[in-house]
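Novice: What follows is the file coords_6.txt, containing compact mmCIF, C-alpha atoms:
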```txt
# COMPACT_ATOMS: atom_id res chain seq x y z
CA MET P 1 3.93 2.64 25.86
CA LYS P 2 5.35 4.86 23.13
CA ILE P 3 5.46 3.74 19.50
CA ARG P 4 9.04 3.19 18.32
CA VAL P 5 9.58 4.75 14.89
CA GLY P 6 12.54 4.31 12.57
CA VAL P 7 13.34 6.85 9.84
CA ILE P 8 15.03 5.90 6.57
CA GLY P 9 16.62 8.83 4.76
CA CYS P 10 17.16 10.64 8.06
CA LEU P 11 19.47 13.32 6.62
CA GLY P 12 17.28 14.33 3.67
CA ARG P 13 14.98 17.35 3.70
CA MET P 14 12.01 15.27 4.82
CA GLY P 15 13.99 12.98 7.10
CA LYS P 16 15.37 15.81 9.22
CA LYS P 17 11.95 17.43 9.59
CA ILE P 18 10.35 14.11 10.52
CA LEU P 19 12.96 13.47 13.21
CA ASN P 20 12.49 16.95 14.67
CA GLU P 21 8.74 16.41 14.84
CA LEU P 22 9.13 12.92 16.31
CA ALA P 23 11.42 14.27 19.02
CA ILE P 24 8.57 16.38 20.46
CA ASN P 25 5.72 13.92 19.87
CA THR P 26 4.50 12.47 23.15
CA LYS P 27 3.16 9.25 21.56
CA ILE P 28 6.41 8.33 19.83
CA GLU P 29 10.07 7.65 20.45
CA ILE P 30 12.78 7.56 17.79
CA ALA P 31 14.08 4.01 17.46
CA CYS P 32 16.56 4.33 14.60
CA ALA P 33 17.84 6.84 12.03
CA VAL P 34 19.26 5.52 8.75
CA THR P 35 21.29 7.23 6.05
CA ARG P 36 23.22 5.89 3.07
CA LEU P 37 26.34 3.78 3.51
CA GLY P 38 29.50 5.88 3.68
CA ASN P 39 27.86 9.08 4.92
CA LYS P 40 30.23 11.00 7.22
CA HIS P 41 27.57 11.22 9.95
CA VAL P 42 27.25 7.47 10.46
CA GLY P 43 27.99 6.72 14.13
CA LEU P 44 27.20 10.24 15.37
CA ASP P 45 24.24 11.27 17.50
CA ILE P 46 21.36 12.46 15.35
CA GLY P 47 20.34 15.37 17.64
CA PRO P 48 22.96 18.00 16.73
CA ILE P 49 22.97 16.88 13.07
CA ILE P 50 19.30 17.74 12.58
CA GLY P 51 19.62 20.95 14.58
CA TYR P 52 17.74 19.69 17.63
CA GLY P 53 20.15 21.38 20.02
CA SER P 54 21.16 18.37 22.12
CA ASP P 55 21.88 14.66 21.82
CA LEU P 56 18.88 12.38 21.36
CA GLY P 57 20.71 9.17 22.24
CA ILE P 58 20.24 7.78 18.73
CA LYS P 59 23.28 7.25 16.52
CA VAL P 60 23.00 7.42 12.75
CA THR P 61 23.31 4.02 11.08
CA SER P 62 23.43 2.80 7.49
CA SER P 63 21.53 -0.43 8.19
CA VAL P 64 17.95 -0.66 6.94
CA ASN P 65 17.63 -3.99 8.74
CA ASP P 66 18.51 -2.32 12.06
CA ALA P 67 15.65 0.13 11.58
CA PHE P 68 13.09 -2.63 11.11
CA GLU P 69 14.48 -4.79 13.89
CA LEU P 70 14.43 -1.95 16.44
CA SER P 71 11.20 -0.20 15.40
CA ASP P 72 7.46 -0.80 15.65
CA VAL P 73 6.92 1.06 12.36
CA VAL P 74 9.31 2.59 9.82
CA ILE P 75 8.98 5.78 7.74
CA ASP P 76 10.81 5.97 4.39
CA PHE P 77 11.46 9.03 2.20
CA THR P 78 14.34 7.99 -0.03
CA THR P 79 14.86 6.59 -3.53
CA LYS P 80 13.37 3.75 -5.52
CA GLU P 81 16.42 1.57 -4.82
CA CYS P 82 16.36 2.22 -1.07
CA MET P 83 12.61 1.71 -0.93
CA LEU P 84 13.10 -1.76 -2.40
CA ASP P 85 15.47 -2.55 0.48
CA CYS P 86 12.81 -1.27 2.90
CA LEU P 87 10.12 -3.46 1.35
CA LYS P 88 12.32 -6.55 1.66
CA ALA P 89 13.13 -5.70 5.30
CA ALA P 90 9.45 -5.09 6.09
CA ILE P 91 8.70 -8.62 4.91
CA LYS P 92 11.68 -10.11 6.73
CA PHE P 93 10.80 -8.53 10.08
CA LYS P 94 7.00 -8.41 9.55
CA LYS P 95 6.92 -4.71 10.42
CA PRO P 96 4.70 -1.90 9.04
CA LEU P 97 6.24 0.48 6.50
CA VAL P 98 5.08 4.01 5.64
CA SER P 99 6.64 5.37 2.45
CA GLY P 100 6.34 8.64 0.61
CA THR P 101 9.05 7.81 -1.92
CA THR P 102 8.03 8.72 -5.47
CA GLY P 103 9.36 7.76 -8.89
CA ILE P 104 8.76 4.09 -8.06
CA GLU P 105 7.20 2.94 -11.32
CA GLY P 106 7.75 -0.79 -11.79
CA ILE P 107 7.68 -1.70 -8.11
CA LYS P 108 4.82 -4.12 -7.49
CA LEU P 109 3.72 -2.84 -4.11
CA LYS P 110 0.70 -5.14 -3.90
CA GLU P 111 2.96 -8.20 -4.02
CA TYR P 112 5.09 -6.99 -1.12
CA ALA P 113 1.96 -5.96 0.78
CA THR P 114 0.72 -9.54 0.90
CA GLU P 115 3.32 -10.18 3.62
CA ALA P 116 3.55 -6.88 5.51
CA PRO P 117 1.41 -3.78 6.17
CA ILE P 118 2.52 -1.04 3.74
CA LEU P 119 1.11 2.45 3.51
CA TRP P 120 2.27 4.35 0.42
CA SER P 121 1.08 7.70 -0.82
CA ALA P 122 2.58 10.00 -3.41
CA ASN P 123 1.75 12.87 -1.09
CA MET P 124 1.43 12.62 2.69
CA SER P 125 -0.36 15.95 3.09
CA VAL P 126 -3.84 15.60 4.53
CA GLY P 127 -4.91 18.53 2.35
CA VAL P 128 -3.74 16.86 -0.86
CA ASN P 129 -5.61 13.71 0.06
CA VAL P 130 -8.76 15.74 0.61
CA LEU P 131 -8.09 17.21 -2.86
CA LEU P 132 -7.97 13.68 -4.29
CA LYS P 133 -11.43 13.01 -2.90
CA LEU P 134 -12.78 16.30 -4.25
CA VAL P 135 -11.28 15.63 -7.67
CA ARG P 136 -12.86 12.20 -7.80
CA ASN P 137 -16.25 13.68 -6.92
CA ALA P 138 -15.86 16.39 -9.57
CA ALA P 139 -14.92 13.86 -12.25
CA GLU P 140 -17.93 11.71 -11.40
CA LEU P 141 -20.32 14.68 -11.45
CA LEU P 142 -18.98 16.31 -14.61
CA GLY P 143 -18.72 13.16 -16.71
CA ASN P 144 -16.77 13.23 -19.96
CA GLU P 145 -17.91 16.59 -21.31
CA TYR P 146 -14.90 18.43 -19.90
CA ASP P 147 -11.23 18.33 -20.87
CA VAL P 148 -9.01 17.64 -17.87
CA GLU P 149 -5.64 19.33 -17.40
CA ILE P 150 -3.27 18.82 -14.47
CA TRP P 151 -0.47 21.28 -13.75
CA GLU P 152 2.21 20.91 -11.11
CA MET P 153 5.28 22.88 -10.02
CA HIS P 154 8.13 21.86 -7.71
CA HIS P 155 11.64 22.95 -6.75
CA ASN P 156 14.42 22.71 -9.29
CA LEU P 157 16.02 19.64 -7.68
CA LYS P 158 13.04 17.33 -8.09
CA ARG P 159 13.90 14.40 -10.33
CA ASP P 160 10.63 12.71 -11.27
CA SER P 161 8.25 14.41 -13.68
CA PRO P 162 5.29 14.68 -13.57
CA SER P 163 5.19 14.47 -9.79
CA GLY P 164 3.82 11.41 -8.05
CA THR P 165 0.93 13.52 -6.79
CA ALA P 166 0.03 14.70 -10.31
CA ILE P 167 0.07 11.11 -11.54
CA GLU P 168 -2.14 10.04 -8.62
CA LEU P 169 -4.60 12.85 -9.41
CA GLY P 170 -4.70 11.66 -13.03
CA LYS P 171 -5.32 8.06 -12.03
CA VAL P 172 -8.16 9.06 -9.72
CA ILE P 173 -9.80 11.09 -12.49
CA ALA P 174 -9.33 8.33 -15.07
CA ASP P 175 -10.89 5.79 -12.73
CA ALA P 176 -13.84 8.04 -11.91
CA SER P 177 -14.37 8.90 -15.60
CA LYS P 178 -13.98 5.30 -16.82
CA MET P 179 -11.13 6.16 -19.17
CA ASP P 180 -7.73 4.58 -19.73
CA PHE P 181 -4.96 6.39 -17.89
CA GLN P 182 -2.08 7.40 -20.14
CA LEU P 183 0.87 9.36 -18.81
CA ASN P 184 2.39 10.51 -22.10
CA GLN P 185 -0.19 13.21 -22.77
CA TYR P 186 1.59 16.23 -21.33
CA LEU P 187 3.48 17.32 -24.43
CA TYR P 188 1.67 18.95 -27.31
CA ASN P 189 3.27 20.32 -30.47
CA GLY P 190 2.23 21.63 -33.86
CA SER P 191 1.72 18.16 -35.29
CA ASN P 192 -1.12 17.12 -33.00
CA ILE P 193 -4.13 18.54 -31.22
CA ARG P 194 -5.63 17.71 -27.89
CA GLU P 195 -7.39 14.35 -27.88
CA LYS P 196 -10.72 13.84 -26.20
CA ARG P 197 -10.94 11.58 -23.15
CA ARG P 198 -7.28 12.13 -22.35
CA ILE P 199 -5.79 13.83 -19.31
CA GLY P 200 -3.23 16.54 -20.06
CA PHE P 201 -0.19 17.14 -17.86
CA ALA P 202 1.97 20.25 -17.58
CA VAL P 203 5.13 20.45 -15.48
CA SER P 204 7.12 23.39 -14.11
CA ARG P 205 10.34 23.36 -12.09
CA GLY P 206 11.97 26.29 -10.35
CA GLY P 207 13.51 27.69 -7.20
CA GLY P 208 12.44 26.21 -3.91
CA VAL P 209 8.75 25.61 -4.64
CA ILE P 210 7.59 22.89 -2.24
CA GLY P 211 4.66 21.70 -4.33
CA ASP P 212 1.75 23.29 -6.20
CA HIS P 213 -0.96 21.25 -7.94
CA SER P 214 -3.91 22.38 -10.00
CA VAL P 215 -6.63 20.31 -11.66
CA MET P 216 -8.73 22.00 -14.33
CA PHE P 217 -12.00 20.75 -15.83
CA VAL P 218 -12.60 22.80 -19.00
CA ASN P 219 -15.31 22.97 -21.66
CA SER P 220 -16.32 25.67 -24.13
CA ASP P 221 -18.39 27.50 -21.51
CA GLU P 222 -16.51 27.31 -18.22
CA ARG P 223 -13.49 26.17 -16.28
CA ILE P 224 -13.49 24.57 -12.85
CA GLU P 225 -10.23 24.56 -10.90
CA LEU P 226 -9.24 22.68 -7.77
CA ASN P 227 -5.89 23.70 -6.28
CA HIS P 228 -3.48 22.84 -3.49
CA LYS P 229 -0.33 24.75 -2.55
CA ALA P 230 2.09 23.41 0.03
CA ILE P 231 3.27 26.30 2.23
CA ASP P 232 5.61 24.27 4.44
CA ARG P 233 6.96 20.72 4.35
CA ALA P 234 5.52 20.36 7.83
CA ALA P 235 2.27 19.35 6.13
CA PHE P 236 3.95 16.24 4.69
CA VAL P 237 5.81 15.54 7.93
CA LYS P 238 2.72 15.66 10.12
CA GLY P 239 0.78 13.55 7.63
CA ALA P 240 3.52 10.90 7.52
CA ILE P 241 3.62 10.69 11.31
CA GLN P 242 -0.17 10.45 11.49
CA ALA P 243 0.04 7.65 8.93
CA ALA P 244 2.68 5.78 10.95
CA ILE P 245 0.59 5.99 14.11
CA TRP P 246 -2.56 4.90 12.25
CA LEU P 247 -0.84 1.99 10.51
CA TYR P 248 0.71 0.69 13.73
CA GLU P 249 -2.42 1.09 15.85
CA ASN P 250 -4.86 -0.31 13.30
CA LYS P 251 -3.09 -2.54 10.77
CA ARG P 252 0.18 -3.85 12.23
CA GLU P 253 -1.15 -7.41 12.21
CA THR P 254 -2.90 -7.06 8.85
CA PRO P 255 -0.71 -7.19 5.73
CA GLY P 256 -2.04 -5.10 2.87
CA LEU P 257 -1.48 -2.03 0.76
CA TYR P 258 -2.91 1.10 2.36
CA SER P 259 -2.87 4.80 1.53
CA MET P 260 -3.61 8.16 3.13
CA GLN P 261 -7.08 7.80 1.64
CA ASP P 262 -7.65 4.88 4.01
CA MET P 263 -6.43 6.90 6.98
CA ILE P 264 -8.55 10.00 6.41
```
Show me, as structure tokens, the structure contained in the file I just sent.

Specialist:
Amino acid sequence: MKIRVGVIGCLGRMGKKILNELAINTKIEIACAVTRLGNKHVGLDIGPIIGYGSDLGIKVTSSVNDAFELSDVVIDFTTKECMLDCLKAAIKFKKPLVSGTTGIEGIKLKEYATEAPILWSANMSVGVNVLLKLVRNAAELLGNEYDVEIWEMHHNLKRDSPSGTAIELGKVIADASKMDFQLNQYLYNGSNIREKRRIGFAVSRGGGVIGDHSVMFVNSDERIELNHKAIDRAAFVKGAIQAAIWLYENKRETPGLYSMQDMI
């Protein structure tokens, strides 16, 4: 039997790509496609809207509750406010939720995850999650003798800064290096110098860049760099779908907070 998947944010950049990939996945069927209330496409078949070429038999809805009621697992790529609605619905219907929504500071995911299986990652790319493991290993091996700088670049429409992935990289390094993680270290000016045992952040925005991340370990003698560049959003799409399948097949009866690190 196929896994029924609902998609929240179905008309966004990620939502459309996820639906197109789901439509050709033999293990999955699309159960529901949700967009914001008042969108002109509500009530229309999702197929032509996402450029699939024919009807898929799924009409766009604005009800998050419908998605959780009709689906085995739900994928969310939206906003902080919409993600909160998804978390509440996941608890209400006891259904697994996969979310790649970023800019969610203040949401206590662990509390929601006590009542439903939730997989959240700042970046759904398998490659980025391999990078996270490599960065952790590097931080453990290099100790505290190296300054750590994280640089990221995204398209000019991205709202949160630094990116969720950059923040996650910083947290992994801080944990491995036994240092306090502080986000407000990415601006330097003439009145201060770089502090030791702090992680520096630099942010660039421009054009249609999907996502570039670089982690640098630097001392007076050498610099070690670990990089990831997203070539196509398909990497995030395929990772999110893998995560949905994994969460449903392995954790649907086990509430908890999971990540791509658990899956890979």

Novice: Compile the contact shell of segment 1-10 of chain P as a ChimeraX atom specification: residues with an atom at most 10 Å away, counting only C-alpha atoms, same-chain residues fewer than 2 positions apart removed.

Specialist: /P:12-19,22,25-36,46,49-50,60-64,66-79,82-83,86,97-99,241,244-245,248-249

Novice: Around (10.2, 27.3, -8.2) in the file's frame, which residues reach within 8 Å when counting all atoms listed in the file? Return as a list of chain:residue names?

Specialist: P:Met153, P:His154, P:His155, P:Asn156, P:Ser204, P:Arg205, P:Gly206, P:Gly207, P:Gly208, P:Val209, P:Ile210

Novice: Using all atoms listed in the file, can you tell me which of P:Thr101, P:Ser125, P:Phe217, P:Ile193 comes closest to Gly164 of chain P?

Specialist: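 Using all atoms listed in the file, the shortest distance to Gly164 of chain P belongs to P:Thr101.
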
Novice: Provide the atom CA of Thr102 of chain P to atom CA of Ala122 of chain P distance in Å, to one decimal place.

Specialist: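 Separating atom CA of Thr102 of chain P from atom CA of Ala122 of chain P is a distance of 6.0 Å.
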
Novice: Between P:Ala166, P:Ala202, P:Val128, P:Leu134, which residue has the minimum interatomic distance to His228 of chain P, considering all atoms listed in the file?

Specialist: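 Distance minimum relative to His228 of chain P lands on P:Val128.
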
Novice: Excluding Ile264 of chain P and residues on its chain fewer than 5 positions from it, collect all residues at most 12 Å away from it, counting only C-alpha atoms, and give them as a ChimeraX atom specification.

Specialist: /P:124-133,239,242-243,246-247,258-259

Novice: Neighbourhood query: residues within 12 Å of (29.2, 16.0, 9.5), file coordinates, counting all atoms listed in the file; return as a list in words.

Specialist: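 Protein, DNA and RNA residues close to (29.2, 16.0, 9.5): Leu11, Gly38, Asn39, Lys40, His41, Val42, Gly43, Leu44, Asp45, Ile46, Pro48, Ile49, Ile50, Gly51 and Val60 of chain P.
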
Novice: Determine the axis-aligned bounding box of all atoms of segment 19-35 of chain P present in the file, pad each side by 3 Å, and express its centre and edge lengths in Å to one decimal place as lines of an AutoDock Vina configuration file.

Specialist:
```
center_x = 12.2
center_y = 10.5
center_z = 14.6
size_x = 24.1
size_y = 18.9
size_z = 23.1
```

Novice: Could you give me, as a PyMOL selection string, the residues within 7 Å of Asn227 of chain P, counting all atoms listed in the file and dropping anything in the same chain fewer than 3 positions from it?

Specialist: chain P and resi 213-215

Novice: Please indicate the distance in Å from atom CA of Thr165 of chain P to atom CA of Gly211 of chain P, rounded to one decimal place.

Specialist: 9.3 Å

Novice: Between P:Gly200, P:Val135, P:Ala113, P:Gly143, which residue has the minimum interatomic distance to Pro96 of chain P, considering all atoms listed in the file?

Specialist: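 Distance minimum relative to Pro96 of chain P lands on P:Ala113.
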
Novice: Between atom CA of Asn144 of chain P and atom CA of Glu222 of chain P, what is the distance, to one decimal in Å?

Specialist: 14.2 Å

Novice: Compare P:Leu257, P:Leu157, P:Ala138, P:Val237 by their minimum atom-to-atom distance to Ala116 of chain P, counting all atoms listed in the file, and give me the closest one.

Specialist: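 Selected residue with least distance to Ala116 of chain P: P:Leu257.
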
Novice: Taking 5 positions as the minimum chain separation for residues in the same chain, which residues sit within 8 Å of Ala176 of chain P when counting all atoms listed in the file? Answer as JSON, numbers by chain.

Specialist: {"P": [136, 137, 139, 140]}

Novice: Asp147 of chain P: which residues within 12 Å, counting only C-alpha atoms, same-chain residues fewer than 3 positions away excluded, as a list in words?

Specialist: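 These residues fall inside the cut-off: Ala139, Leu142, Gly143, Asn144, Ile150, Ile173, Ala174, Ser177, Arg194, Glu195, Lys196, Arg197, Arg198, Ile199, Gly200, Phe201, Val215, Met216, Phe217, Val218, Asn219, Ser220, Asp221, Glu222, Arg223, Ile224 and Glu225 of chain P.
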
Novice: Could those residues be written to a file, using C-alpha atoms, as a PDB file, keeping the file's coordinate frame?

Specialist:
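Everything below was put into selection.pdb:
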```pdb
ATOM      1  CA  ALA P 139     -14.920  13.860 -12.250  1.00  0.00           C
ATOM      2  CA  LEU P 142     -18.980  16.310 -14.610  1.00  0.00           C
ATOM      3  CA  GLY P 143     -18.720  13.160 -16.710  1.00  0.00           C
ATOM      4  CA  ASN P 144     -16.770  13.230 -19.960  1.00  0.00           C
ATOM      5  CA  ILE P 150      -3.270  18.820 -14.470  1.00  0.00           C
ATOM      6  CA  ILE P 173      -9.800  11.090 -12.490  1.00  0.00           C
ATOM      7  CA  ALA P 174      -9.330   8.330 -15.070  1.00  0.00           C
ATOM      8  CA  SER P 177     -14.370   8.900 -15.600  1.00  0.00           C
ATOM      9  CA  ARG P 194      -5.630  17.710 -27.890  1.00  0.00           C
ATOM     10  CA  GLU P 195      -7.390  14.350 -27.880  1.00  0.00           C
ATOM     11  CA  LYS P 196     -10.720  13.840 -26.200  1.00  0.00           C
ATOM     12  CA  ARG P 197     -10.940  11.580 -23.150  1.00  0.00           C
ATOM     13  CA  ARG P 198      -7.280  12.130 -22.350  1.00  0.00           C
ATOM     14  CA  ILE P 199      -5.790  13.830 -19.310  1.00  0.00           C
ATOM     15  CA  GLY P 200      -3.230  16.540 -20.060  1.00  0.00           C
ATOM     16  CA  PHE P 201      -0.190  17.140 -17.860  1.00  0.00           C
ATOM     17  CA  VAL P 215      -6.630  20.310 -11.660  1.00  0.00           C
ATOM     18  CA  MET P 216      -8.730  22.000 -14.330  1.00  0.00           C
ATOM     19  CA  PHE P 217     -12.000  20.750 -15.830  1.00  0.00           C
ATOM     20  CA  VAL P 218     -12.600  22.800 -19.000  1.00  0.00           C
ATOM     21  CA  ASN P 219     -15.310  22.970 -21.660  1.00  0.00           C
ATOM     22  CA  SER P 220     -16.320  25.670 -24.130  1.00  0.00           C
ATOM     23  CA  ASP P 221     -18.390  27.500 -21.510  1.00  0.00           C
ATOM     24  CA  GLU P 222     -16.510  27.310 -18.220  1.00  0.00           C
ATOM     25  CA  ARG P 223     -13.490  26.170 -16.280  1.00  0.00           C
ATOM     26  CA  ILE P 224     -13.490  24.570 -12.850  1.00  0.00           C
ATOM     27  CA  GLU P 225     -10.230  24.560 -10.900  1.00  0.00           C
TER      28      GLU P 225
END
```

Novice: Smallest atom-to-atom distance to Lys238 of chain P: which of P:Asn123, P:Asn192, P:Thr114, P:Asn250, using all atoms listed in the file?

Specialist: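 Result for the nearest residue to Lys238 of chain P: P:Asn123.
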
Novice: Generate the missing atoms of segment 129-139 of chain P up to all heavy atoms and report them as a CSV table (one decimal), in the coordinates of the input.

Specialist:
```
chain,number,residue,atom,x,y,z
P,129,ASN,N,-4.7,14.9,0.1
P,129,ASN,CA,-5.6,13.7,0.1
P,129,ASN,C,-7.1,14.1,0.1
P,129,ASN,O,-7.9,13.3,-0.4
P,129,ASN,CB,-5.2,12.7,1.2
P,129,ASN,CG,-4.0,12.0,0.8
P,129,ASN,OD1,-4.0,11.0,0.1
P,129,ASN,ND2,-2.8,12.4,1.2
P,130,VAL,N,-7.4,15.2,0.7
P,130,VAL,CA,-8.8,15.7,0.6
P,130,VAL,C,-9.0,16.2,-0.8
P,130,VAL,O,-10.1,15.9,-1.4
P,130,VAL,CB,-9.0,16.9,1.6
P,130,VAL,CG1,-10.3,17.6,1.3
P,130,VAL,CG2,-9.0,16.4,3.0
P,131,LEU,N,-8.0,16.8,-1.5
P,131,LEU,CA,-8.1,17.2,-2.9
P,131,LEU,C,-8.4,16.0,-3.8
P,131,LEU,O,-9.2,16.1,-4.7
P,131,LEU,CB,-6.8,17.9,-3.3
P,131,LEU,CG,-6.7,18.3,-4.8
P,131,LEU,CD1,-7.7,19.3,-5.2
P,131,LEU,CD2,-5.3,18.7,-5.1
P,132,LEU,N,-7.7,14.9,-3.5
P,132,LEU,CA,-8.0,13.7,-4.3
P,132,LEU,C,-9.4,13.3,-4.2
P,132,LEU,O,-10.0,12.9,-5.2
P,132,LEU,CB,-7.1,12.5,-3.8
P,132,LEU,CG,-5.6,12.6,-4.2
P,132,LEU,CD1,-4.7,11.7,-3.4
P,132,LEU,CD2,-5.4,12.3,-5.7
P,133,LYS,N,-10.0,13.4,-3.0
P,133,LYS,CA,-11.4,13.0,-2.9
P,133,LYS,C,-12.3,14.0,-3.7
P,133,LYS,O,-13.3,13.6,-4.3
P,133,LYS,CB,-11.8,13.0,-1.4
P,133,LYS,CG,-11.3,11.8,-0.7
P,133,LYS,CD,-11.8,11.7,0.8
P,133,LYS,CE,-11.2,10.5,1.5
P,133,LYS,NZ,-11.8,9.2,1.0
P,134,LEU,N,-12.0,15.3,-3.6
P,134,LEU,CA,-12.8,16.3,-4.2
P,134,LEU,C,-12.7,16.1,-5.8
P,134,LEU,O,-13.7,16.3,-6.5
P,134,LEU,CB,-12.3,17.7,-3.8
P,134,LEU,CG,-12.5,18.1,-2.4
P,134,LEU,CD1,-11.8,19.4,-2.1
P,134,LEU,CD2,-14.0,18.2,-2.0
P,135,VAL,N,-11.5,15.8,-6.2
P,135,VAL,CA,-11.3,15.6,-7.7
P,135,VAL,C,-12.1,14.4,-8.2
P,135,VAL,O,-12.7,14.5,-9.3
P,135,VAL,CB,-9.8,15.5,-8.0
P,135,VAL,CG1,-9.5,14.9,-9.3
P,135,VAL,CG2,-9.1,16.8,-7.9
P,136,ARG,N,-12.1,13.4,-7.4
P,136,ARG,CA,-12.9,12.2,-7.8
P,136,ARG,C,-14.3,12.6,-7.9
P,136,ARG,O,-15.0,12.2,-8.9
P,136,ARG,CB,-12.7,11.1,-6.8
P,136,ARG,CG,-13.5,9.8,-7.1
P,136,ARG,CD,-13.3,8.7,-6.1
P,136,ARG,NE,-12.0,8.1,-6.2
P,136,ARG,CZ,-11.7,7.2,-7.1
P,136,ARG,NH1,-12.6,6.7,-8.0
P,136,ARG,NH2,-10.5,6.6,-7.2
P,137,ASN,N,-14.8,13.3,-6.9
P,137,ASN,CA,-16.2,13.7,-6.9
P,137,ASN,C,-16.6,14.6,-8.1
P,137,ASN,O,-17.6,14.4,-8.8
P,137,ASN,CB,-16.6,14.4,-5.6
P,137,ASN,CG,-16.6,13.5,-4.4
P,137,ASN,OD1,-16.7,12.3,-4.6
P,137,ASN,ND2,-16.6,14.1,-3.2
P,138,ALA,N,-15.6,15.5,-8.4
P,138,ALA,CA,-15.9,16.4,-9.6
P,138,ALA,C,-15.9,15.6,-10.9
P,138,ALA,O,-16.7,15.8,-11.7
P,138,ALA,CB,-14.8,17.5,-9.6
P,139,ALA,N,-15.0,14.7,-11.0
P,139,ALA,CA,-14.9,13.9,-12.2
P,139,ALA,C,-16.2,13.0,-12.4
P,139,ALA,O,-16.7,12.9,-13.5
P,139,ALA,CB,-13.7,13.0,-12.2
```
